[in-house]
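The block underneath contains the structure these notes are about, expressed in structure tokens.
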Amino acid sequence: MKQFFLSVLIMGLFGLQLHAQIVTQVDNPVDYVNPLMGTDSKFELSNGNTYPAIGLPWGMNMWTPQTGKMGSGWQYTYGADKINGFKQTHQPSPWMNDYGQFSIMPTTGGIKVNQEARASWFSHKAEIVKPYYYQVFLADANVTTELAPTERSAQFQITYPKGDSSALVIDAFDRGSYIKVMPEQNKIVGYTSRYSRGKLKNFKNYFVIYLDKPISFAQIYDDTVLTSGNELQANHVLAVVGFKTKEGEKVHAKVASSFISADQAELNLKREQGQKSFDQIVRDGRKVWNDQLGRIKAEGGTVDQTRTFYSCLYRMMFFPNKLYEINAQNQPVHWSPYTGEVKSGYMFGGTGFWDTFRALYPFLSLVFPDINKEMQQGLINDFKEGGWLPEWSSPGYSNIMLGQNSASVVAGAYLKGIRGYDIQTLYKAIIHGAHSKGPEASGRLGFEDYDKYGYIPSDSKTGNSVARTLEYAYDDYAIYALGKALGRPKVETDLYRKRAMNYKHVFDPSTNFMRGKNKDGSFVSDFDPYSWSRDFIEGNSWHYTWSVFQDVQGLIDLMGGKEFFIQKLDSVFSAPPLFASEGRKARGMIHEMREMQVMHMGQYAHGNQPIQHMIYLYNYAGAPWKAQYWVREAMNRLYQPTPDGYCGDEDNGQTSAWYVFSAMGFYPVCPASTQYVLGTPLFKKMTVQLENGKSFVVSASDNNADNRYIESMTVNGKPYTKNYISHKDLQQGAVINVKMGTHPNKERGIKDTDRPFSLSIE
């Protein structure tokens with residue numbers, strides 16, 4: 001095993017020297033993944049706000065070395081020097097923080113319980129990070145720690161020095177925890193009750209740990225106070241178990257958890273590990289990742305491009321993560337974050353639809369529809385148990401961000417052909433959410449005003465009026481499109497089609513910007529398109545003006561036609577990176593502002609989600625070559641396979657999904673439609689293996705750094721001038737040949753018949 005990882009490390013170092021070399025064949029895509037991409041982040045500036053997630057695709061648990069303090073959302077930061085534990089995590093982002101976390105930490109040289117005392121210096125030079133394997137040398141303890149995960153468990157292999165007080169510290173965290181040590185069985189059981197968002201009933205993450213080394217001493221602590229006995233329930237419980245070790249002795253710890261019960265944790269451990277050795281779990285995990293990542297073969301790019309692509313693809317395969325478990329009868333069951341009871345069926349958590357409806361879920365529908373089918377079944381259970389669909393689940397309802405973008409997630413999956421679940425219940429759920437306000441961020445805040453005025457007034461109490469109006473209008477389109485596909489009555493679908501045009505109410509033709517509007521129909525007087533103001537959220541009008549996914553042609557018409565629309569798009573990149581107009585004081589600085597500013601692309605704030613689709617809108621106005629230019633610029637300038645490799649929050653796979661789609665050569669501008677809008681392929685060849693047994697290939701053999709423009713294109717051997725490709729064409733298997741050039745072809749894709757879908761010309 002050591003020889004294997006040494007060879008992988010040598011290959012990686014050799015690749016660094018040849019980062020511009022072309023990768024002609026990808027046999028083991030997992031070797032290109034850098035789980036540290038995006039970890040060099042902090043509260044003030046995000047380069048991804050990620051952590052090295054060691055786990056399996058969509059697994060219930062992930063593991064990460066913890067450099068931050070207990071409870072900190074920044075649980076691992078690349079610039080840190082010390083590790084204080086190896087933590088089971090379910091954290092979607094530092095802003096959401098974690099739930100159900102506990103940690104394990106090897107120590108030597110005496111009892112060291114609290115996180116400062118047990119922390120050890122480490123170096124990235126003595127750290128190996130793979131999606132399926134982690135190894136680090138803990139310098140203070142003179143211990144090498146290795147871990148390998150399964151979906152609901154992990155195994156540690158800890159190499160100790162010679163000593164009489166080699167130990168493991170189990171930290172069940174605060175806010176209610178429990179640990180019991182059973183030395184006669186070399187076993188520790190416990191639970192943690194810690195969570196960060198929502199209101200949860202009967203929440204516990206039960207864990208079980210088995211050691212292959214006899215426990216010679218055990219201590220239980222109430223925070224830092226030693227207690228008597230081997231069992232304790234308190235606010236913050238820790239345990240220390242210890243043993244004598246020989247020089248270089250390896251101690252194994254098998255760990256599993258369950259949100260259901262301690263018995264289910266035991267079952268999870270038995271089912272997923274059994275008698276497997278540490279090396280076998282590593283090999284199994286490596287195979288799983290190679291199989292899943294290998295569904296897409298990206299060939300003919302540079303080493304850095306290949307690393308970036310597979311690092312993004314890896315990040316996309318964690319969220320949402322499974323909340324369900326398999327019981328003794330081999331049936332899926334889950335603890336419900338809505339009722340606090342154990343229920344049958346699927347459930348997922350840890351995703352924000354405000355981010356992921358844009359590209360992550362469309363990607364799942366295209367490449368991994370089977371797991372998306374499970375997710376749709378999970379949404380049915382969300383609705384049945386909670387009364388609304390979650391808009392941010394962590395693990396249940398969480399009051400953050402806005403929109404009813406569950407409608408897009410539901411509609412997009414069905415419209416792209418996923419079947420075998422109760423779509424009628426999901427349609428009922430999104431209709432219900434459109435005309436009600438549920439707990440936390442579920443449903444629609446301000447739905448009464450939206451239904452009355454056709455927009456959220458700026459002078460109402462709701463807040464974020466323009467952002468909500470634009471998202472509700474798009475969500476209404478998603479309801480319309482799904483209702484039409486389901487054969488709902490025309491009077492019903494016509495209502496939502498009409499509401500999908502509500503974006504027009506907040507467009508100000510005098511400025512060509514989306515602008516807050518009052519109840520009396522007047523636009524707000526203190527409008528500033530640069531201001532990240534009350535009418536928007538995490539952005540300004542430069543960003544949100546383009547949020548008309550469902551009817552770009554309608555937006556073109558509002559702006560006075562194609563020429564003016566293109567000029568407006570161009571001006572995004574030439575506008576100064578201000579947070580308020582000259583002479584005006586900007587509202588309080590938030591990290592998204594700084595991330596836009598430092599990227600030196602004007603008002604193009606790719607580090608946050610609202611504007612990420614904007615580059616592709618050139619296709620609707622007959623200037624696809626401009627989309628090709630800026631897509632390649634964004635890929636080249638805003639992504640690298642390095643610890644500072646993102647240009648803002650990665651956010652549950654969405655920012656990664658933008659790169660993966662864009663590298664393929666297209667993007668789902670309107671997620672609840674069946675079209676992908678063309679950009680420019682990044683690799684010479686991209687082969688995507690679909691779950692229906694077919695595949696599609698995007699071939700651009702003359703692609704390189706200079707050849708970013710599409711000169712011509714064929715689909716299945718036939719000339720193709722359209723600025724989009726359909727989901728159906730891809731699902732049927734397609735060969736897309738693209739001839740690339742150094743100069744734009746301004747004669748291709750310029751006809752009205754070449755433009756992508758818009759509702760107003762449906």
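Residues are referred to by chain and number: the chain letter is A, B, ... according to the order shown in the structure tokens, the number counts from 1 in that chain, and ligands are numbered separately from 1 in the order shown.
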
>> Could you list, as a VMD selection string, every residue within 7 Å of Asn723 of chain A, counting only C-alpha atoms and ignoring same-chain residues fewer than 4 positions away?
In response: chain A and resid 619 677 to 678 749 754 to 756

>> If you run DSSP on the backbone here, which positions in segment 210-356 of chain A get strand (DSSP E)? Please write them as an MDAnalysis selection string.
In response: chainID A and resid 210:211 217:222 225:227 231:234 237:245 249:258 296:299 301:302 321:322 324:326 332:335 342:344 348:349 351:352

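Put simply, atom CA of Asp752 of chain A is 17.5 Å away from atom CA of Gly679 of chain A.
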
>> Based on the backbone DSSP call, show me all residues of segment 303-536 of chain A assigned alpha helix (DSSP H), as JSON, numbers by chain.
In response: {"A": [303, 304, 305, 306, 307, 308, 309, 310, 311, 312, 313, 314, 315, 316, 353, 354, 355, 356, 360, 361, 362, 363, 364, 365, 366, 367, 369, 370, 371, 372, 373, 374, 375, 376, 377, 378, 379, 380, 381, 382, 383, 384, 385, 386, 406, 407, 408, 409, 410, 411, 412, 413, 414, 415, 423, 424, 425, 426, 427, 428, 429, 430, 431, 432, 433, 434, 447, 448, 449, 450, 451, 452, 453, 465, 466, 467, 468, 469, 470, 471, 472, 473, 474, 475, 476, 477, 478, 479, 480, 481, 482, 483, 484, 485, 490, 491, 492, 493, 494, 495, 496, 497, 498, 499]}

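By chain and then residue number, the residues within 9 Å of Gln376 of chain A are Tyr346, Met347, Ile371, Asn372, Lys373, Glu374, Gly378, Leu379, Ile380, Asn381, Val409, Val410, Ala413, Tyr421, Asp422, Ile423 and Leu426 of chain A, counting only C-alpha atoms and disregarding those fewer than 2 positions away in sequence.
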
Each residue of segment 441-469 of chain A lying at most 10 Å from segment 486-504 of chain A should get a row with its shortest atom-to-atom pair and the distance in Å to one decimal, counting only C-alpha atoms; could you produce that, ordered by chain and increasing number, as JSON lines?
```
{"residue": "A:Tyr450", "atom": "CA", "partner": "A:Asn502", "partner_atom": "CA", "distance": 9.1}
{"residue": "A:Asp451", "atom": "CA", "partner": "A:Arg499", "partner_atom": "CA", "distance": 8.8}
{"residue": "A:Tyr453", "atom": "CA", "partner": "A:Asn502", "partner_atom": "CA", "distance": 9.3}
{"residue": "A:Gly454", "atom": "CA", "partner": "A:Asn502", "partner_atom": "CA", "distance": 5.7}
{"residue": "A:Tyr455", "atom": "CA", "partner": "A:Asn502", "partner_atom": "CA", "distance": 6.5}
{"residue": "A:Val466", "atom": "CA", "partner": "A:Tyr503", "partner_atom": "CA", "distance": 8.6}
{"residue": "A:Ala467", "atom": "CA", "partner": "A:Tyr503", "partner_atom": "CA", "distance": 9.8}
{"residue": "A:Arg468", "atom": "CA", "partner": "A:Tyr503", "partner_atom": "CA", "distance": 9.9}
{"residue": "A:Thr469", "atom": "CA", "partner": "A:Tyr503", "partner_atom": "CA", "distance": 6.5}
```

With C-alpha atoms retained, could you export that selection as an mmCIF file, in the first residue's frame?
```cif
data_model
loop_
_atom_site.group_PDB
_atom_site.id
_atom_site.type_symbol
_atom_site.label_atom_id
_atom_site.label_comp_id
_atom_site.auth_asym_id
_atom_site.auth_seq_id
_atom_site.Cartn_x
_atom_site.Cartn_y
_atom_site.Cartn_z
ATOM 1 C CA TYR A 450 -46.551 38.696 -5.299
ATOM 2 C CA ASP A 451 -49.988 37.252 -6.047
ATOM 3 C CA TYR A 453 -49.171 42.953 -7.530
ATOM 4 C CA GLY A 454 -47.287 40.526 -9.750
ATOM 5 C CA TYR A 455 -44.084 41.540 -7.965
ATOM 6 C CA VAL A 466 -36.331 42.373 -7.086
ATOM 7 C CA ALA A 467 -34.417 39.184 -6.425
ATOM 8 C CA ARG A 468 -37.549 37.467 -5.115
ATOM 9 C CA THR A 469 -39.697 38.689 -7.998
#
```

> Using only C-alpha atoms, which residues sit within 8 Å of Arg286 of chain A once same-chain residues fewer than 3 positions away are excluded, as an MDAnalysis selection string?
Replying inline: chainID A and resid 30 131:132 282:283 289:290

> Using only C-alpha atoms, which residue out of A:Thr89, A:Gln612, A:Ser408, A:Thr545 lies closest to Tyr530 of chain A?
Replying inline: A:Thr545

>> Residues near Gln550 of chain A, anyone? I mean within 6 Å using only C-alpha atoms, not counting same-chain ones fewer than 2 positions away, as a ChimeraX atom specification.
In response: /A:548,670,758-759
